[in-house]
$ cat protein-v8.cif   # mmCIF, C-alpha atoms
data_target
#
loop_
_atom_site.group_PDB
_atom_site.id
_atom_site.type_symbol
_atom_site.label_atom_id
_atom_site.label_comp_id
_atom_site.auth_asym_id
_atom_site.auth_seq_id
_atom_site.Cartn_x
_atom_site.Cartn_y
_atom_site.Cartn_z
ATOM 1 C CA MET U 1 13.289 -1.296 6.417
ATOM 2 C CA TRP U 2 11.432 1.995 6.017
ATOM 3 C CA ALA U 3 8.091 0.283 6.573
ATOM 4 C CA ARG U 4 9.337 -0.968 9.952
ATOM 5 C CA THR U 5 10.515 2.531 10.894
ATOM 6 C CA LEU U 6 7.083 3.922 10.043
ATOM 7 C CA GLU U 7 5.479 1.151 12.110
ATOM 8 C CA VAL U 8 7.496 2.285 15.119
ATOM 9 C CA ALA U 9 6.157 5.811 14.558
ATOM 10 C CA VAL U 10 2.589 4.468 14.303
ATOM 11 C CA GLY U 11 3.177 2.475 17.502
ATOM 12 C CA CYS U 12 4.308 5.660 19.290
ATOM 13 C CA TRP U 13 1.164 7.419 18.087
ATOM 14 C CA LEU U 14 -0.939 4.556 19.496
ATOM 15 C CA LEU U 15 0.831 4.897 22.853
ATOM 16 C CA MET U 16 0.084 8.633 22.907
ATOM 17 C CA SER U 17 -3.485 8.289 21.631
ATOM 18 C CA PRO U 18 -5.235 7.687 24.997
ATOM 19 C CA PHE U 19 -3.754 10.970 26.257
ATOM 20 C CA ILE U 20 -4.448 12.916 23.066
ATOM 21 C CA PHE U 21 -8.082 11.819 22.876
ATOM 22 C CA ALA U 22 -8.649 12.048 26.627
ATOM 23 C CA HIS U 23 -11.973 13.860 26.681
ATOM 24 C CA GLY U 24 -14.307 12.880 29.506
ATOM 25 C CA ALA U 25 -14.632 9.347 30.799
ATOM 26 C CA GLN U 26 -12.801 6.801 28.660
ATOM 27 C CA PRO U 27 -13.623 3.112 28.608
ATOM 28 C CA VAL U 28 -10.689 1.078 29.876
ATOM 29 C CA GLU U 29 -10.473 -0.736 26.492
ATOM 30 C CA TRP U 30 -9.159 2.425 24.864
ATOM 31 C CA TRP U 31 -6.204 2.477 27.226
ATOM 32 C CA VAL U 32 -5.571 -1.224 26.681
ATOM 33 C CA THR U 33 -5.789 -0.831 22.903
ATOM 34 C CA GLY U 34 -3.428 2.131 22.948
ATOM 35 C CA PHE U 35 -0.801 0.635 25.220
ATOM 36 C CA VAL U 36 -0.901 -3.030 24.253
ATOM 37 C CA GLY U 37 -1.405 -2.357 20.531
ATOM 38 C CA GLY U 38 1.212 0.398 20.489
ATOM 39 C CA SER U 39 3.904 -1.501 22.365
ATOM 40 C CA ALA U 40 3.271 -4.710 20.403
ATOM 41 C CA THR U 41 3.647 -2.808 17.114
ATOM 42 C CA ILE U 42 6.899 -1.167 18.217
ATOM 43 C CA ILE U 43 8.418 -4.370 19.597
ATOM 44 C CA LEU U 44 7.470 -6.465 16.556
ATOM 45 C CA ALA U 45 8.800 -3.812 14.171
ATOM 46 C CA ILE U 46 12.139 -3.620 16.004
ATOM 47 C CA MET U 47 12.430 -7.415 16.207
ATOM 48 C CA SER U 48 12.072 -7.565 12.412
ATOM 49 C CA PHE U 49 15.434 -5.816 12.032
ATOM 50 C CA TRP U 50 17.079 -9.075 13.115
ATOM 51 C CA PRO U 51 17.223 -11.120 9.881
ATOM 52 C CA PRO U 52 16.024 -14.476 11.312
ATOM 53 C CA LEU U 53 12.892 -12.713 12.565
ATOM 54 C CA GLN U 54 12.417 -10.412 9.589
ATOM 55 C CA ARG U 55 8.847 -11.543 9.034
ATOM 56 C CA ILE U 56 7.645 -11.228 12.614
ATOM 57 C CA HIS U 57 6.183 -7.795 11.830
ATOM 58 C CA LEU U 58 3.365 -9.641 10.043
ATOM 59 C CA LEU U 59 1.904 -10.246 13.508
ATOM 60 C CA SER U 60 1.195 -6.500 13.630
ATOM 61 C CA LEU U 61 -1.497 -7.240 11.063
ATOM 62 C CA GLY U 62 -3.328 -8.759 14.027
ATOM 63 C CA VAL U 63 -3.050 -5.431 15.872
ATOM 64 C CA ALA U 64 -4.370 -3.648 12.772
ATOM 65 C CA LEU U 65 -7.345 -5.998 12.437
ATOM 66 C CA TRP U 66 -8.043 -5.632 16.156
ATOM 67 C CA LEU U 67 -8.112 -1.826 15.798
ATOM 68 C CA ILE U 68 -10.341 -1.978 12.717
ATOM 69 C CA SER U 69 -12.781 -4.531 14.132
ATOM 70 C CA GLY U 70 -12.913 -2.648 17.438
ATOM 71 C CA ALA U 71 -13.983 0.464 15.534
ATOM 72 C CA PHE U 72 -16.667 -1.485 13.653
ATOM 73 C CA LEU U 73 -17.997 -2.960 16.892
ATOM 74 C CA SER U 74 -18.365 0.426 18.547
ATOM 75 C CA GLY U 75 -21.659 2.225 17.943
ATOM 76 C CA THR U 76 -22.348 5.382 16.005
ATOM 77 C CA PRO U 77 -21.761 8.299 16.219
ATOM 78 C CA THR U 78 -18.165 7.218 16.479
ATOM 79 C CA PRO U 79 -16.085 8.973 19.171
ATOM 80 C CA ALA U 80 -12.881 10.658 18.029
ATOM 81 C CA ALA U 81 -10.735 8.066 19.807
ATOM 82 C CA VAL U 82 -12.424 5.265 17.879
ATOM 83 C CA GLN U 83 -12.081 7.105 14.568
ATOM 84 C CA ASN U 84 -8.403 7.404 15.382
ATOM 85 C CA GLN U 85 -8.303 3.627 15.942
ATOM 86 C CA MET U 86 -9.897 2.992 12.566
ATOM 87 C CA THR U 87 -7.526 5.352 10.737
ATOM 88 C CA VAL U 88 -4.431 3.975 12.451
ATOM 89 C CA GLY U 89 -5.635 0.404 11.922
ATOM 90 C CA LEU U 90 -5.978 0.894 8.164
ATOM 91 C CA LEU U 91 -2.589 2.608 7.924
ATOM 92 C CA LEU U 92 -0.924 -0.120 9.981
ATOM 93 C CA ALA U 93 -2.518 -2.836 7.838
ATOM 94 C CA MET U 94 -0.946 -1.283 4.726
ATOM 95 C CA LEU U 95 2.481 -0.930 6.331
ATOM 96 C CA THR U 96 2.709 -4.397 7.880
ATOM 97 C CA ILE U 97 2.400 -6.183 4.554
ATOM 98 C CA ILE U 98 5.508 -4.469 3.149
ATOM 99 C CA PRO U 99 8.391 -6.965 3.445
ATOM 100 C CA THR U 100 11.371 -5.880 5.533
ATOM 101 C CA ASP U 101 13.766 -6.558 2.633
ATOM 102 C CA SER U 102 11.455 -4.954 0.075
ATOM 103 C CA ASN U 103 14.315 -3.032 -1.578
ATOM 104 C CA GLU U 104 15.989 -6.318 -2.532
ATOM 105 C CA PRO U 105 14.737 -9.275 -4.521
ATOM 106 C CA PRO U 106 13.177 -11.912 -2.238
ATOM 107 C CA GLU U 107 15.632 -14.294 -0.597
ATOM 108 C CA SER U 108 15.011 -17.274 -2.869
ATOM 109 C CA TRP U 109 15.710 -15.154 -5.963
ATOM 110 C CA ARG U 110 18.829 -13.738 -4.333
ATOM 111 C CA ARG U 111 20.095 -17.239 -3.647
ATOM 112 C CA ARG U 112 19.401 -18.224 -7.228
ATOM 113 C CA MET U 113 21.260 -15.212 -8.618
ATOM 114 C CA GLU U 114 24.194 -15.821 -6.304
ATOM 115 C CA ALA U 115 24.428 -19.452 -7.421
ATOM 116 C CA LYS U 116 24.306 -18.399 -11.049
ATOM 117 C CA ARG U 117 27.004 -15.792 -10.531
ATOM 118 C CA ARG U 118 29.229 -18.433 -8.964
ATOM 119 C CA ASP U 119 28.652 -20.765 -11.910
ATOM 120 C CA ASP U 120 29.512 -18.003 -14.353
ATOM 121 C CA GLN U 121 32.691 -17.305 -12.445
ATOM 122 C CA LEU U 122 33.678 -20.984 -12.557
ATOM 123 C CA LEU U 123 33.033 -21.082 -16.272
ATOM 124 C CA SER U 124 35.139 -18.023 -16.983
ATOM 125 C CA GLU U 125 38.075 -19.304 -14.939
ATOM 126 C CA MET O 1 22.679 -14.126 4.391
ATOM 127 C CA ILE O 2 23.948 -13.192 0.993
ATOM 128 C CA SER O 3 25.455 -9.739 0.767
ATOM 129 C CA SER O 4 23.149 -7.643 -1.314
ATOM 130 C CA SER O 5 25.475 -4.982 -2.646
ATOM 131 C CA ARG O 6 26.933 -7.247 -5.324
ATOM 132 C CA ILE O 7 23.644 -8.472 -6.662
ATOM 133 C CA ARG O 8 21.641 -5.813 -8.388
ATOM 134 C CA PRO O 9 18.724 -6.695 -10.585
ATOM 135 C CA ARG O 10 19.505 -5.812 -14.142
ATOM 136 C CA GLU O 11 17.601 -2.946 -15.666
ATOM 137 C CA VAL O 12 15.722 -4.657 -18.463
ATOM 138 C CA ALA O 13 12.463 -4.172 -20.264
ATOM 139 C CA ALA O 14 9.471 -6.075 -18.954
ATOM 140 C CA PRO O 15 7.343 -7.788 -21.577
ATOM 141 C CA PRO O 16 5.132 -6.735 -23.278
ATOM 142 C CA TRP O 17 6.775 -3.306 -23.018
ATOM 143 C CA ARG O 18 10.055 -1.988 -24.380
ATOM 144 C CA TYR O 19 10.824 -0.323 -21.062
ATOM 145 C CA ASN O 20 10.856 -1.283 -17.411
ATOM 146 C CA PRO O 21 7.602 -0.218 -15.709
ATOM 147 C CA SER O 22 9.100 -1.058 -12.297
ATOM 148 C CA SER O 23 11.920 1.460 -12.675
ATOM 149 C CA TRP O 24 12.063 4.466 -10.358
ATOM 150 C CA ARG O 25 11.543 6.782 -13.318
ATOM 151 C CA GLN O 26 8.166 5.147 -13.783
ATOM 152 C CA ARG O 27 7.206 4.762 -10.140
ATOM 153 C CA VAL O 28 8.333 7.970 -8.463
ATOM 154 C CA PRO O 29 5.947 10.212 -10.457
ATOM 155 C CA ILE O 30 3.071 7.922 -9.419
ATOM 156 C CA CYS O 31 4.065 8.226 -5.765
ATOM 157 C CA VAL O 32 4.448 12.012 -5.978
ATOM 158 C CA LEU O 33 1.042 12.354 -7.608
ATOM 159 C CA ALA O 34 -0.527 10.043 -5.015
ATOM 160 C CA GLY O 35 1.147 12.179 -2.329
ATOM 161 C CA VAL O 36 -0.475 15.329 -3.741
ATOM 162 C CA ALA O 37 -3.885 13.632 -3.759
ATOM 163 C CA PHE O 38 -3.218 12.454 -0.197
ATOM 164 C CA ILE O 39 -2.628 16.038 0.932
ATOM 165 C CA LEU O 40 -5.770 17.322 -0.817
ATOM 166 C CA ALA O 41 -7.914 14.512 0.608
ATOM 167 C CA THR O 42 -6.454 15.103 4.077
ATOM 168 C CA HIS O 43 -7.429 18.770 3.803
ATOM 169 C CA MET O 44 -11.037 17.719 3.098
ATOM 170 C CA ALA O 45 -10.946 15.121 5.887
ATOM 171 C CA LEU O 46 -9.741 17.758 8.356
ATOM 172 C CA TYR O 47 -12.778 19.824 7.408
ATOM 173 C CA GLN O 48 -15.099 16.823 7.811
ATOM 174 C CA TRP O 49 -13.558 16.256 11.237
ATOM 175 C CA ARG O 50 -14.061 19.983 11.898
ATOM 176 C CA LEU O 51 -10.417 20.325 12.813
ATOM 177 C CA ILE O 52 -10.432 23.207 10.314
ATOM 178 C CA GLY O 53 -13.433 25.424 9.755
ATOM 179 C CA ASP O 54 -13.191 25.980 6.037
ATOM 180 C CA VAL O 55 -12.395 24.074 2.873
ATOM 181 C CA TRP O 56 -10.503 25.676 0.000
ATOM 182 C CA ASP O 57 -12.514 26.045 -3.185
ATOM 183 C CA PRO O 58 -11.653 28.807 -5.676
ATOM 184 C CA ILE O 59 -14.381 27.854 -8.170
ATOM 185 C CA PHE O 60 -17.495 26.462 -6.525
ATOM 186 C CA GLY O 61 -17.138 28.296 -3.200
ATOM 187 C CA VAL O 62 -19.524 27.052 -0.514
ATOM 188 C CA GLN O 63 -20.654 24.137 -2.696
ATOM 189 C CA SER O 64 -17.615 22.183 -1.467
ATOM 190 C CA LYS O 65 -19.006 22.270 2.058
ATOM 191 C CA LEU O 66 -22.414 21.090 0.833
ATOM 192 C CA VAL O 67 -20.775 18.084 -0.822
ATOM 193 C CA LEU O 68 -18.557 17.259 2.151
ATOM 194 C CA ASP O 69 -21.491 17.576 4.575
ATOM 195 C CA SER O 70 -24.032 15.853 2.307
ATOM 196 C CA ASP O 71 -26.262 12.972 3.409
ATOM 197 C CA VAL O 72 -24.335 10.564 1.178
ATOM 198 C CA SER O 73 -21.156 11.552 2.928
ATOM 199 C CA HIS O 74 -22.745 11.213 6.379
ATOM 200 C CA ARG O 75 -24.021 7.758 5.525
ATOM 201 C CA MET O 76 -20.561 6.726 4.330
ATOM 202 C CA ARG O 77 -19.169 7.987 7.597
ATOM 203 C CA GLN O 78 -21.622 5.901 9.597
ATOM 204 C CA TRP O 79 -20.689 2.776 7.668
ATOM 205 C CA MET O 80 -16.953 3.266 7.668
ATOM 206 C CA ARG O 81 -16.576 5.049 11.039
ATOM 207 C CA ILE O 82 -14.358 7.730 9.494
ATOM 208 C CA PRO O 83 -15.132 10.485 6.948
ATOM 209 C CA ASP O 84 -15.004 9.461 3.289
ATOM 210 C CA ALA O 85 -12.226 11.965 2.612
ATOM 211 C CA ALA O 86 -10.106 10.271 5.302
ATOM 212 C CA LEU O 87 -10.681 6.929 3.603
ATOM 213 C CA GLY O 88 -9.666 8.483 0.297
ATOM 214 C CA ALA O 89 -6.557 9.962 1.912
ATOM 215 C CA LEU O 90 -5.589 6.523 3.240
ATOM 216 C CA ALA O 91 -6.128 4.978 -0.182
ATOM 217 C CA TYR O 92 -3.833 7.571 -1.837
ATOM 218 C CA LEU O 93 -1.278 7.047 0.908
ATOM 219 C CA GLY O 94 -1.544 3.323 0.169
ATOM 220 C CA ASP O 95 -0.870 4.019 -3.513
ATOM 221 C CA ALA O 96 2.323 5.805 -2.487
ATOM 222 C CA ILE O 97 3.353 3.117 0.043
ATOM 223 C CA PHE O 98 2.775 0.230 -2.351
ATOM 224 C CA GLY O 99 4.310 2.276 -5.161
ATOM 225 C CA LEU O 100 7.548 2.815 -3.237
ATOM 226 C CA ALA O 101 7.909 -0.740 -1.923
ATOM 227 C CA GLY O 102 9.896 -3.251 -3.909
ATOM 228 C CA CYS O 103 12.960 -3.225 -6.140
ATOM 229 C CA THR O 104 13.155 -2.177 -9.779
ATOM 230 C CA ARG O 105 12.267 -5.630 -11.016
ATOM 231 C CA ARG O 106 9.359 -6.226 -8.739
ATOM 232 C CA TRP O 107 7.020 -7.165 -11.591
ATOM 233 C CA GLN O 108 8.997 -10.412 -11.559
ATOM 234 C CA TYR O 109 10.176 -10.713 -7.965
ATOM 235 C CA ARG O 110 7.009 -9.702 -6.136
ATOM 236 C CA PRO O 111 3.964 -10.003 -8.384
ATOM 237 C CA TRP O 112 1.710 -10.008 -5.300
ATOM 238 C CA LEU O 113 2.945 -6.546 -4.360
ATOM 239 C CA VAL O 114 2.453 -5.152 -7.859
ATOM 240 C CA ILE O 115 -1.037 -6.653 -8.052
ATOM 241 C CA LEU O 116 -1.935 -5.287 -4.612
ATOM 242 C CA PHE O 117 -0.679 -1.886 -5.778
ATOM 243 C CA GLY O 118 -2.788 -2.319 -8.902
ATOM 244 C CA LEU O 119 -5.884 -3.181 -6.874
ATOM 245 C CA ASP O 120 -5.400 -0.064 -4.782
ATOM 246 C CA VAL O 121 -4.828 2.184 -7.792
ATOM 247 C CA ILE O 122 -7.106 0.787 -10.507
ATOM 248 C CA PRO O 123 -10.462 -0.503 -9.131
ATOM 249 C CA LEU O 124 -10.390 1.800 -6.112
ATOM 250 C CA GLY O 125 -9.383 4.776 -8.262
ATOM 251 C CA LEU O 126 -12.085 4.154 -10.855
ATOM 252 C CA VAL O 127 -14.781 3.598 -8.216
ATOM 253 C CA SER O 128 -13.846 6.732 -6.310
ATOM 254 C CA ALA O 129 -13.774 8.808 -9.502
ATOM 255 C CA VAL O 130 -17.251 7.557 -10.421
ATOM 256 C CA LEU O 131 -18.483 8.226 -6.865
ATOM 257 C CA VAL O 132 -17.211 11.791 -6.942
ATOM 258 C CA VAL O 133 -19.004 12.529 -10.193
ATOM 259 C CA LEU O 134 -22.160 10.789 -8.956
ATOM 260 C CA GLN O 135 -22.031 12.804 -5.772
ATOM 261 C CA GLY O 136 -21.905 16.006 -7.768
ATOM 262 C CA ALA O 137 -24.893 14.847 -9.780
ATOM 263 C CA VAL O 138 -26.891 13.608 -6.748
ATOM 264 C CA VAL O 139 -26.099 16.380 -4.298
ATOM 265 C CA GLY O 140 -26.323 19.009 -7.017
ATOM 266 C CA SER O 141 -23.181 20.760 -5.834
ATOM 267 C CA TRP O 142 -19.601 20.424 -6.928
ATOM 268 C CA CYS O 143 -16.415 20.359 -4.951
ATOM 269 C CA PHE O 144 -13.255 21.548 -6.658
ATOM 270 C CA LEU O 145 -10.782 19.480 -4.639
ATOM 271 C CA CYS O 146 -12.930 16.342 -5.026
ATOM 272 C CA LEU O 147 -12.792 16.776 -8.789
ATOM 273 C CA ILE O 148 -9.030 17.330 -8.713
ATOM 274 C CA THR O 149 -8.486 14.159 -6.693
ATOM 275 C CA ALA O 150 -10.795 12.239 -9.025
ATOM 276 C CA ALA O 151 -8.727 13.465 -11.983
ATOM 277 C CA ILE O 152 -5.542 12.384 -10.187
ATOM 278 C CA SER O 153 -7.112 8.956 -9.581
ATOM 279 C CA LEU O 154 -7.676 8.519 -13.316
ATOM 280 C CA LEU O 155 -4.184 9.756 -14.114
ATOM 281 C CA LEU O 156 -2.765 7.254 -11.615
ATOM 282 C CA VAL O 157 -4.642 4.459 -13.361
ATOM 283 C CA ALA O 158 -3.147 5.512 -16.689
ATOM 284 C CA LEU O 159 0.366 5.701 -15.217
ATOM 285 C CA SER O 160 0.364 2.422 -13.332
ATOM 286 C CA TYR O 161 -1.548 -0.154 -15.364
ATOM 287 C CA ASP O 162 1.561 -1.071 -17.388
ATOM 288 C CA GLU O 163 3.414 -2.528 -14.425
ATOM 289 C CA VAL O 164 0.402 -4.528 -13.279
ATOM 290 C CA TRP O 165 -0.009 -5.833 -16.809
ATOM 291 C CA SER O 166 3.649 -6.921 -16.864
ATOM 292 C CA SER O 167 3.137 -8.958 -13.709
ATOM 293 C CA LEU O 168 -0.025 -10.543 -15.069
ATOM 294 C CA VAL O 169 1.626 -11.371 -18.405
ATOM 295 C CA TYR O 170 4.558 -12.903 -16.538
ATOM 296 C CA LEU O 171 2.275 -15.024 -14.342
ATOM 297 C CA GLY O 172 0.287 -16.012 -17.424
ATOM 298 C CA ARG O 173 3.455 -17.169 -19.198
ATOM 299 C CA VAL O 174 4.591 -19.127 -16.144
ATOM 300 C CA TRP O 175 1.206 -20.833 -16.179
ATOM 301 C CA GLN O 176 1.423 -21.557 -19.915
ATOM 302 C CA ARG O 177 4.848 -23.053 -19.495
ATOM 303 C CA THR O 178 4.230 -25.184 -16.405
ATOM 304 C CA GLN O 179 0.443 -25.666 -16.136
ATOM 305 C CA SER O 180 1.198 -26.131 -12.457
ATOM 306 C CA TYR O 181 -0.769 -24.398 -9.700
ATOM 307 C CA PRO O 182 1.999 -24.798 -7.076
ATOM 308 C CA ILE O 183 4.567 -23.110 -9.337
ATOM 309 C CA LEU O 184 2.118 -20.353 -10.249
ATOM 310 C CA TRP O 185 1.391 -19.842 -6.540
ATOM 311 C CA ASP O 186 5.105 -19.740 -5.665
ATOM 312 C CA THR O 187 5.811 -17.313 -8.495
ATOM 313 C CA PHE O 188 2.984 -15.067 -7.340
ATOM 314 C CA TRP O 189 4.503 -14.878 -3.851
ATOM 315 C CA GLY O 190 8.005 -14.253 -5.181
ATOM 316 C CA ARG O 191 9.556 -17.669 -4.690
ATOM 317 C CA ALA O 192 12.113 -18.489 -7.343
ATOM 318 C CA SER O 193 11.982 -21.506 -9.654
ATOM 319 C CA ALA O 194 13.839 -22.529 -12.786
ATOM 320 C CA ASP O 195 10.678 -22.180 -14.861
ATOM 321 C CA ALA O 196 9.872 -18.720 -13.573
ATOM 322 C CA GLU O 197 13.427 -17.637 -14.258
ATOM 323 C CA ARG O 198 13.300 -18.873 -17.856
ATOM 324 C CA VAL O 199 9.998 -17.119 -18.429
ATOM 325 C CA ALA O 200 11.378 -13.877 -17.001
ATOM 326 C CA GLU O 201 14.423 -14.118 -19.220
ATOM 327 C CA GLY O 202 12.228 -14.754 -22.221
ATOM 328 C CA VAL O 203 13.917 -18.092 -22.981
#
$ encode --input "protein-v8.cif" --output "structure tokens"
Amino acid sequence: MWARTLEVAVGCWLLMSPFIFAHGAQPVEWWVTGFVGGSATIILAIMSFWPPLQRIHLLSLGVALWLISGAFLSGTPTPAAVQNQMTVGLLLAMLTIIPTDSNEPPESWRRRMEAKRRDDQLLSE
Amino acid sequence: MISSSRIRPREVAAPPWRYNPSSWRQRVPICVLAGVAFILATHMALYQWRLIGDVWDPIFGVQSKLVLDSDVSHRMRQWMRIPDAALGALAYLGDAIFGLAGCTRRWQYRPWLVILFGLDVIPLGLVSAVLVVLQGAVVGSWCFLCLITAAISLLLVALSYDEVWSSLVYLGRVWQRTQSYPILWDTFWGRASADAERVAEGV
């Protein structure tokens, strides 16, 4: 769950980024990246708290790759806003691959252990 | 969903070791150390971004700045879009993130996570340590914090290889037992099977 919480924080940072790095004329893409990327990250992270959708946060990997590739496509020297995109993209990529239930064994192992525990109980009765 | 509070993975040794390399005792020190390296690398990145005007170096003094502003470093920055110290900081943060994720039997339950953690710590750590030393030799100046982070990288390798090895040994034994790619694949991604369970229990 903590990875999702951090993703929400990263999403908030993305939403704020266009204002923080607002120096001079900004291409409209930067605003789109900040707002669309940021809100998508937050929404997907929150949706993952609902168990049937607990893997939906993996879609944020798309946001991360978009941020990273956008930074690579921009020319050098890289503006601060684009460096921010690159940094946030890499951080987001690392967070999104952490499973929501990472503190527990994966579901199929949990089911297996539960079944075994039930068998043991039956045997002891 | 199955309630999780009743099912706790047992604290057992992971072959080939006599201890459990996925236990918090083993993992928390790695994460703390990676956190320290993250802070040091961030300090250098802030200098490279010129968000701070000076970099701390009690031994080599201004040489730190020469290293952080060297041509090698500028070229890296052009390739990667962000300063090399920022990349290093992210890698150390990744060590901590991947170190904290997963339960205390993750060598069995999530080999992919342990191996990803291993890839972040071991090859990346070794390469960055070599790069730091090379940079000192090429640029002709030394940077105290770079050397400290390089030393931490090597220490992290020493502290974390055991868990990665456990996962690899486990996957290897699953392969030996089943000779089946689908089962090996499932085991790698943390999907349970009777064979994987027997291997993990050492039966």
$ interface_residues --input "protein-v8.cif" --of "chain O" --to "chain U" --cutoff "7 Å" --atoms "all atoms listed in the file" --output "list of chain:residue names"
O:Gln78, O:Arg81, O:Ile82, O:Leu90, O:Gly94, O:Ala101, O:Gly102, O:Cys103, O:Tyr109, O:Gly190, O:Arg191, O:Ala192
$ residues_near_point --input "protein-v8.cif" --point "(5.1, 3.2, -5.3)" --cutoff "9 Å" --atoms "only C-alpha atoms" --output "list in words"
Trp24, Arg27, Val28, Pro29, Ile30, Cys31, Val32, Ala34, Gly94, Asp95, Ala96, Ile97, Phe98, Gly99, Leu100, Ala101, Gly102 and Phe117 of chain O
$ residues_near_point --input "protein-v8.cif" --point "(4.7, -9.1, -16.6)" --cutoff "12 Å" --atoms "all atoms listed in the file" --output "PDB file with C-alpha atoms, in the coordinates of the input"
ATOM      1  CA  ALA O  13      12.463  -4.172 -20.264  1.00  0.00           C
ATOM      2  CA  ALA O  14       9.471  -6.075 -18.954  1.00  0.00           C
ATOM      3  CA  PRO O  15       7.343  -7.788 -21.577  1.00  0.00           C
ATOM      4  CA  PRO O  16       5.132  -6.735 -23.278  1.00  0.00           C
ATOM      5  CA  TRP O  17       6.775  -3.306 -23.018  1.00  0.00           C
ATOM      6  CA  ARG O  18      10.055  -1.988 -24.380  1.00  0.00           C
ATOM      7  CA  TYR O  19      10.824  -0.323 -21.062  1.00  0.00           C
ATOM      8  CA  ASN O  20      10.856  -1.283 -17.411  1.00  0.00           C
ATOM      9  CA  PRO O  21       7.602  -0.218 -15.709  1.00  0.00           C
ATOM     10  CA  SER O  22       9.100  -1.058 -12.297  1.00  0.00           C
ATOM     11  CA  ARG O 105      12.267  -5.630 -11.016  1.00  0.00           C
ATOM     12  CA  ARG O 106       9.359  -6.226  -8.739  1.00  0.00           C
ATOM     13  CA  TRP O 107       7.020  -7.165 -11.591  1.00  0.00           C
ATOM     14  CA  GLN O 108       8.997 -10.412 -11.559  1.00  0.00           C
ATOM     15  CA  TYR O 109      10.176 -10.713  -7.965  1.00  0.00           C
ATOM     16  CA  ARG O 110       7.009  -9.702  -6.136  1.00  0.00           C
ATOM     17  CA  PRO O 111       3.964 -10.003  -8.384  1.00  0.00           C
ATOM     18  CA  TRP O 112       1.710 -10.008  -5.300  1.00  0.00           C
ATOM     19  CA  VAL O 114       2.453  -5.152  -7.859  1.00  0.00           C
ATOM     20  CA  ILE O 115      -1.037  -6.653  -8.052  1.00  0.00           C
ATOM     21  CA  TYR O 161      -1.548  -0.154 -15.364  1.00  0.00           C
ATOM     22  CA  ASP O 162       1.561  -1.071 -17.388  1.00  0.00           C
ATOM     23  CA  GLU O 163       3.414  -2.528 -14.425  1.00  0.00           C
ATOM     24  CA  VAL O 164       0.402  -4.528 -13.279  1.00  0.00           C
ATOM     25  CA  TRP O 165      -0.009  -5.833 -16.809  1.00  0.00           C
ATOM     26  CA  SER O 166       3.649  -6.921 -16.864  1.00  0.00           C
ATOM     27  CA  SER O 167       3.137  -8.958 -13.709  1.00  0.00           C
ATOM     28  CA  LEU O 168      -0.025 -10.543 -15.069  1.00  0.00           C
ATOM     29  CA  VAL O 169       1.626 -11.371 -18.405  1.00  0.00           C
ATOM     30  CA  TYR O 170       4.558 -12.903 -16.538  1.00  0.00           C
ATOM     31  CA  LEU O 171       2.275 -15.024 -14.342  1.00  0.00           C
ATOM     32  CA  GLY O 172       0.287 -16.012 -17.424  1.00  0.00           C
ATOM     33  CA  ARG O 173       3.455 -17.169 -19.198  1.00  0.00           C
ATOM     34  CA  VAL O 174       4.591 -19.127 -16.144  1.00  0.00           C
ATOM     35  CA  THR O 187       5.811 -17.313  -8.495  1.00  0.00           C
ATOM     36  CA  PHE O 188       2.984 -15.067  -7.340  1.00  0.00           C
ATOM     37  CA  ALA O 196       9.872 -18.720 -13.573  1.00  0.00           C
ATOM     38  CA  VAL O 199       9.998 -17.119 -18.429  1.00  0.00           C
ATOM     39  CA  ALA O 200      11.378 -13.877 -17.001  1.00  0.00           C
ATOM     40  CA  GLU O 201      14.423 -14.118 -19.220  1.00  0.00           C
ATOM     41  CA  GLY O 202      12.228 -14.754 -22.221  1.00  0.00           C
TER      42      GLY O 202
END
$ resolve_selection --input "protein-v8.cif" --expression "the PyMOL selection byres ((chain O and resi 123-140) around 9)" --output "list in words"
Gln63, Leu66, Val67, Ser70, Asp71, Val72, Ser73, Gly88, Ala91, Tyr92, Gly118, Leu119, Asp120, Val121, Ile122, Ser141, Trp142, Cys143, Cys146, Leu147, Thr149, Ala150, Ala151, Ile152, Ser153, Leu154, Leu156 and Val157 of chain O
$ residues_around --input "protein-v8.cif" --residues "Pro58 in chain O" --least-positions-apart "5" --cutoff "10 Å" --atoms "only C-alpha atoms" --output "list of chain:residue names"
O:Ser64, O:Cys143, O:Phe144, O:Leu145
$ atom_distance --input "protein-v8.cif" --atom1 "CA of His43 in chain O" --atom2 "CA of Ala85 in chain O"
8.4 Å
$ closest_residue --input "protein-v8.cif" --among "U:Arg118, U:Met16, U:Val36, U:Ser60" --to "Ser48 in chain U" --atoms "all atoms listed in the file"
U:Ser60
